[in-house]
>>> print(open('entry35.pdb').read())   # PDB, C-alpha atoms, pLDDT in the B column
ATOM      1  CA  MET A   1      -0.823 -83.383 -98.748  1.00 52.00           C
ATOM      2  CA  SER A   2       2.887 -83.026 -99.459  1.00 55.00           C
ATOM      3  CA  PRO A   3       5.554 -85.003 -97.605  1.00 56.00           C
ATOM      4  CA  ALA A   4       6.932 -81.785 -96.114  1.00 55.00           C
ATOM      5  CA  LYS A   5       3.648 -81.031 -94.390  1.00 56.00           C
ATOM      6  CA  SER A   6       3.328 -84.516 -92.908  1.00 56.00           C
ATOM      7  CA  CYS A   7       6.809 -84.231 -91.375  1.00 58.00           C
ATOM      8  CA  LYS A   8       5.997 -80.896 -89.754  1.00 61.00           C
ATOM      9  CA  THR A   9       2.918 -82.124 -87.922  1.00 61.00           C
ATOM     10  CA  PRO A  10       3.795 -82.795 -84.290  1.00 62.00           C
ATOM     11  CA  ARG A  11       3.330 -86.279 -82.941  1.00 64.00           C
ATOM     12  CA  LYS A  12       0.926 -86.636 -80.090  1.00 67.00           C
ATOM     13  CA  GLU A  13       2.517 -89.150 -77.766  1.00 66.00           C
ATOM     14  CA  PRO A  14       1.195 -89.718 -74.267  1.00 65.00           C
ATOM     15  CA  VAL A  15       3.231 -87.816 -71.717  1.00 59.00           C
ATOM     16  CA  PRO A  16       3.992 -89.891 -68.626  1.00 59.00           C
ATOM     17  CA  THR A  17       2.596 -88.382 -65.461  1.00 69.00           C
ATOM     18  CA  PHE A  18       5.765 -89.123 -63.487  1.00 67.00           C
ATOM     19  CA  TYR A  19       9.100 -89.471 -65.228  1.00 62.00           C
ATOM     20  CA  LEU A  20      12.587 -88.723 -63.997  1.00 65.00           C
ATOM     21  CA  PRO A  21      15.217 -90.108 -66.358  1.00 73.00           C
ATOM     22  CA  ALA A  22      17.976 -90.248 -63.736  1.00 77.00           C
ATOM     23  CA  MET A  23      15.845 -92.104 -61.190  1.00 73.00           C
ATOM     24  CA  TRP A  24      16.377 -95.757 -60.317  1.00 78.00           C
ATOM     25  CA  PRO A  25      13.494 -98.121 -60.966  1.00 82.00           C
ATOM     26  CA  LEU A  26      11.008 -97.724 -58.129  1.00 83.00           C
ATOM     27  CA  GLY A  27      10.855-101.477 -57.482  1.00 87.00           C
ATOM     28  CA  LEU A  28      14.615-101.570 -56.969  1.00 89.00           C
ATOM     29  CA  GLN A  29      14.448 -98.655 -54.557  1.00 90.00           C
ATOM     30  CA  HIS A  30      11.748-100.381 -52.532  1.00 92.00           C
ATOM     31  CA  ARG A  31      13.640-103.678 -52.472  1.00 95.00           C
ATOM     32  CA  ILE A  32      16.837-101.999 -51.238  1.00 95.00           C
ATOM     33  CA  ALA A  33      14.926-100.070 -48.558  1.00 95.00           C
ATOM     34  CA  ASP A  34      13.056-103.207 -47.429  1.00 96.00           C
ATOM     35  CA  THR A  35      16.260-105.259 -47.229  1.00 97.00           C
ATOM     36  CA  TRP A  36      18.015-102.482 -45.290  1.00 98.00           C
ATOM     37  CA  ALA A  37      15.118-102.229 -42.841  1.00 97.00           C
ATOM     38  CA  ALA A  38      15.070-106.027 -42.434  1.00 98.00           C
ATOM     39  CA  TRP A  39      18.808-106.093 -41.731  1.00 98.00           C
ATOM     40  CA  ARG A  40      18.469-103.327 -39.123  1.00 98.00           C
ATOM     41  CA  TRP A  41      15.541-105.096 -37.435  1.00 97.00           C
ATOM     42  CA  ARG A  42      17.384-108.428 -37.301  1.00 98.00           C
ATOM     43  CA  ARG A  43      20.564-106.721 -36.066  1.00 98.00           C
ATOM     44  CA  GLY A  44      18.557-105.055 -33.300  1.00 97.00           C
ATOM     45  CA  LEU A  45      17.244-108.416 -32.149  1.00 97.00           C
ATOM     46  CA  ARG A  46      20.734-109.897 -32.157  1.00 97.00           C
ATOM     47  CA  ARG A  47      22.033-106.996 -30.091  1.00 97.00           C
ATOM     48  CA  LEU A  48      19.170-107.467 -27.660  1.00 96.00           C
ATOM     49  CA  LEU A  49      20.200-111.106 -27.204  1.00 96.00           C
ATOM     50  CA  GLN A  50      23.816-110.037 -26.632  1.00 96.00           C
ATOM     51  CA  ASP A  51      22.704-107.474 -24.067  1.00 96.00           C
ATOM     52  CA  GLU A  52      20.738-110.128 -22.233  1.00 95.00           C
ATOM     53  CA  GLU A  53      23.768-112.423 -22.147  1.00 93.00           C
ATOM     54  CA  ARG A  54      25.805-109.596 -20.620  1.00 93.00           C
ATOM     55  CA  GLY A  55      23.077-108.895 -18.084  1.00 92.00           C
ATOM     56  CA  LEU A  56      22.097-105.532 -19.550  1.00 92.00           C
ATOM     57  CA  ALA A  57      18.570-106.587 -20.565  1.00 91.00           C
ATOM     58  CA  ARG A  58      15.921-109.063 -19.463  1.00 93.00           C
ATOM     59  CA  LEU A  59      13.795-110.791 -22.067  1.00 93.00           C
ATOM     60  CA  GLY A  60      12.108-113.351 -19.839  1.00 92.00           C
ATOM     61  CA  ALA A  61       9.380-115.264 -21.680  1.00 93.00           C
ATOM     62  CA  ASP A  62      10.015-113.283 -24.906  1.00 94.00           C
ATOM     63  CA  ARG A  63      13.485-114.757 -25.377  1.00 94.00           C
ATOM     64  CA  ALA A  64      12.267-117.553 -27.691  1.00 95.00           C
ATOM     65  CA  ALA A  65      10.429-115.088 -29.953  1.00 95.00           C
ATOM     66  CA  VAL A  66      13.472-112.807 -30.113  1.00 96.00           C
ATOM     67  CA  GLN A  67      15.708-115.765 -30.961  1.00 96.00           C
ATOM     68  CA  ARG A  68      13.384-116.833 -33.788  1.00 96.00           C
ATOM     69  CA  GLY A  69      13.393-113.304 -35.167  1.00 96.00           C
ATOM     70  CA  ALA A  70      17.175-113.030 -34.903  1.00 97.00           C
ATOM     71  CA  GLN A  71      17.612-116.246 -36.889  1.00 97.00           C
ATOM     72  CA  GLU A  72      15.050-115.434 -39.588  1.00 97.00           C
ATOM     73  CA  ARG A  73      16.281-114.984 -43.161  1.00 97.00           C
ATOM     74  CA  LEU A  74      16.520-111.419 -44.470  1.00 97.00           C
ATOM     75  CA  ALA A  75      14.340-112.255 -47.480  1.00 96.00           C
ATOM     76  CA  VAL A  76      11.475-113.336 -45.213  1.00 97.00           C
ATOM     77  CA  ILE A  77      11.727-110.215 -43.062  1.00 97.00           C
ATOM     78  CA  ALA A  78      12.018-107.964 -46.144  1.00 97.00           C
ATOM     79  CA  ALA A  79       8.912-109.576 -47.670  1.00 97.00           C
ATOM     80  CA  ARG A  80       6.972-108.891 -44.466  1.00 96.00           C
ATOM     81  CA  ILE A  81       8.123-105.250 -44.480  1.00 96.00           C
ATOM     82  CA  ALA A  82       7.198-104.889 -48.181  1.00 95.00           C
ATOM     83  CA  GLU A  83       3.723-106.253 -47.470  1.00 96.00           C
ATOM     84  CA  ARG A  84       3.225-103.689 -44.693  1.00 95.00           C
ATOM     85  CA  ARG A  85       4.395-100.919 -47.032  1.00 92.00           C
ATOM     86  CA  ARG A  86       1.938-102.025 -49.752  1.00 92.00           C
ATOM     87  CA  ARG A  87      -0.967-102.039 -47.278  1.00 92.00           C
ATOM     88  CA  SER A  88      -0.316 -98.517 -46.061  1.00 85.00           C
TER
END
>>> encode(input="entry35.pdb", output="structure tokens")
Amino acid sequence: MSPAKSCKTPRKEPVPTFYLPAMWPLGLQHRIADTWAAWRWRRGLRRLLQDEERGLARLGADRAAVQRGAQERLAVIAARIAERRRRS
């Protein structure tokens, strides 16, 4: 077998089933989406507390739970959202 023939033989490399070179890493996309969703959820709870202070909403017995959620760290909320996404 001459060296010219060995160079002409095509390599058989595994072709990835899903590859887009201009795409962000999927883990990064999920982390950004989870953090954004966590921020929106926490912001909604904070607005609900503000509305109650202005008399526009009534939380009643749920006020303590809403306060805990409004004070929760984004990382904790994002982790909970990521876990739900993994389960579904």
>>> atom_distance(input="entry35.pdb", atom1="CA of Leu74 in chain A", atom2="CA of Ile32 in chain A")
11.6 Å
>>> resolve_selection(input="entry35.pdb", expression="the PyMOL selection byres ((chain A and resi 43) around 12)", output="number ranges by chain")
A: 36-42, 44-50, 66-67, 69-74, 77
>>> atom_distance(input="entry35.pdb", atom1="CA of Gln29 in chain A", atom2="CA of Arg80 in chain A")
16.2 Å
>>> atom_distance(input="entry35.pdb", atom1="CA of Leu59 in chain A", atom2="CA of Ala33 in chain A")
28.6 Å
>>> resolve_selection(input="entry35.pdb", expression="the PyMOL selection byres ((chain A and resi 81) around 10)", output="PDB file with C-alpha atoms, in the coordinates of the input")
ATOM      1  CA  ARG A  31      13.640-103.678 -52.472  1.00 95.00           C
ATOM      2  CA  ALA A  33      14.926-100.070 -48.558  1.00 95.00           C
ATOM      3  CA  ASP A  34      13.056-103.207 -47.429  1.00 96.00           C
ATOM      4  CA  THR A  35      16.260-105.259 -47.229  1.00 97.00           C
ATOM      5  CA  ALA A  37      15.118-102.229 -42.841  1.00 97.00           C
ATOM      6  CA  ALA A  38      15.070-106.027 -42.434  1.00 98.00           C
ATOM      7  CA  ALA A  75      14.340-112.255 -47.480  1.00 96.00           C
ATOM      8  CA  VAL A  76      11.475-113.336 -45.213  1.00 97.00           C
ATOM      9  CA  ILE A  77      11.727-110.215 -43.062  1.00 97.00           C
ATOM     10  CA  ALA A  78      12.018-107.964 -46.144  1.00 97.00           C
ATOM     11  CA  ALA A  79       8.912-109.576 -47.670  1.00 97.00           C
ATOM     12  CA  ARG A  80       6.972-108.891 -44.466  1.00 96.00           C
ATOM     13  CA  ALA A  82       7.198-104.889 -48.181  1.00 95.00           C
ATOM     14  CA  GLU A  83       3.723-106.253 -47.470  1.00 96.00           C
ATOM     15  CA  ARG A  84       3.225-103.689 -44.693  1.00 95.00           C
ATOM     16  CA  ARG A  85       4.395-100.919 -47.032  1.00 92.00           C
ATOM     17  CA  ARG A  86       1.938-102.025 -49.752  1.00 92.00           C
TER      18      ARG A  86
END
>>> build_atoms(input="entry35.pdb", residues="range 21-32 of chain A", atoms="N, CA, C and O atoms", output="tab-separated table (two decimals), keeping the file's coordinate frame")
chain	number	residue	atom	x	y	z
A	21	PRO	N	14.31	-89.21	-65.65
A	21	PRO	CA	15.22	-90.11	-66.36
A	21	PRO	C	16.40	-90.59	-65.52
A	21	PRO	O	16.93	-91.66	-65.77
A	22	ALA	N	16.82	-89.85	-64.52
A	22	ALA	CA	17.98	-90.25	-63.74
A	22	ALA	C	17.59	-91.05	-62.50
A	22	ALA	O	18.42	-91.35	-61.66
A	23	MET	N	16.33	-91.40	-62.38
A	23	MET	CA	15.84	-92.10	-61.19
A	23	MET	C	15.98	-93.61	-61.36
A	23	MET	O	15.78	-94.14	-62.44
A	24	TRP	N	16.33	-94.30	-60.29
A	24	TRP	CA	16.38	-95.76	-60.32
A	24	TRP	C	14.97	-96.28	-60.48
A	24	TRP	O	14.00	-95.60	-60.13
A	25	PRO	N	14.84	-97.52	-60.93
A	25	PRO	CA	13.49	-98.12	-60.97
A	25	PRO	C	12.92	-98.17	-59.55
A	25	PRO	O	13.61	-98.51	-58.59
A	26	LEU	N	11.65	-97.82	-59.43
A	26	LEU	CA	11.01	-97.72	-58.13
A	26	LEU	C	11.02	-99.05	-57.39
A	26	LEU	O	11.22	-99.09	-56.17
A	27	GLY	N	10.83	-100.15	-58.12
A	27	GLY	CA	10.86	-101.48	-57.48
A	27	GLY	C	12.20	-101.77	-56.84
A	27	GLY	O	12.28	-102.35	-55.76
A	28	LEU	N	13.27	-101.36	-57.51
A	28	LEU	CA	14.62	-101.57	-56.97
A	28	LEU	C	14.82	-100.74	-55.71
A	28	LEU	O	15.38	-101.21	-54.72
A	29	GLN	N	14.33	-99.51	-55.74
A	29	GLN	CA	14.45	-98.66	-54.56
A	29	GLN	C	13.72	-99.27	-53.37
A	29	GLN	O	14.23	-99.28	-52.26
A	30	HIS	N	12.52	-99.77	-53.62
A	30	HIS	CA	11.75	-100.38	-52.53
A	30	HIS	C	12.44	-101.63	-52.01
A	30	HIS	O	12.48	-101.87	-50.80
A	31	ARG	N	12.98	-102.44	-52.91
A	31	ARG	CA	13.64	-103.68	-52.47
A	31	ARG	C	14.87	-103.37	-51.62
A	31	ARG	O	15.10	-104.01	-50.59
A	32	ILE	N	15.66	-102.38	-52.02
A	32	ILE	CA	16.84	-102.00	-51.24
A	32	ILE	C	16.42	-101.48	-49.87
A	32	ILE	O	17.00	-101.85	-48.84
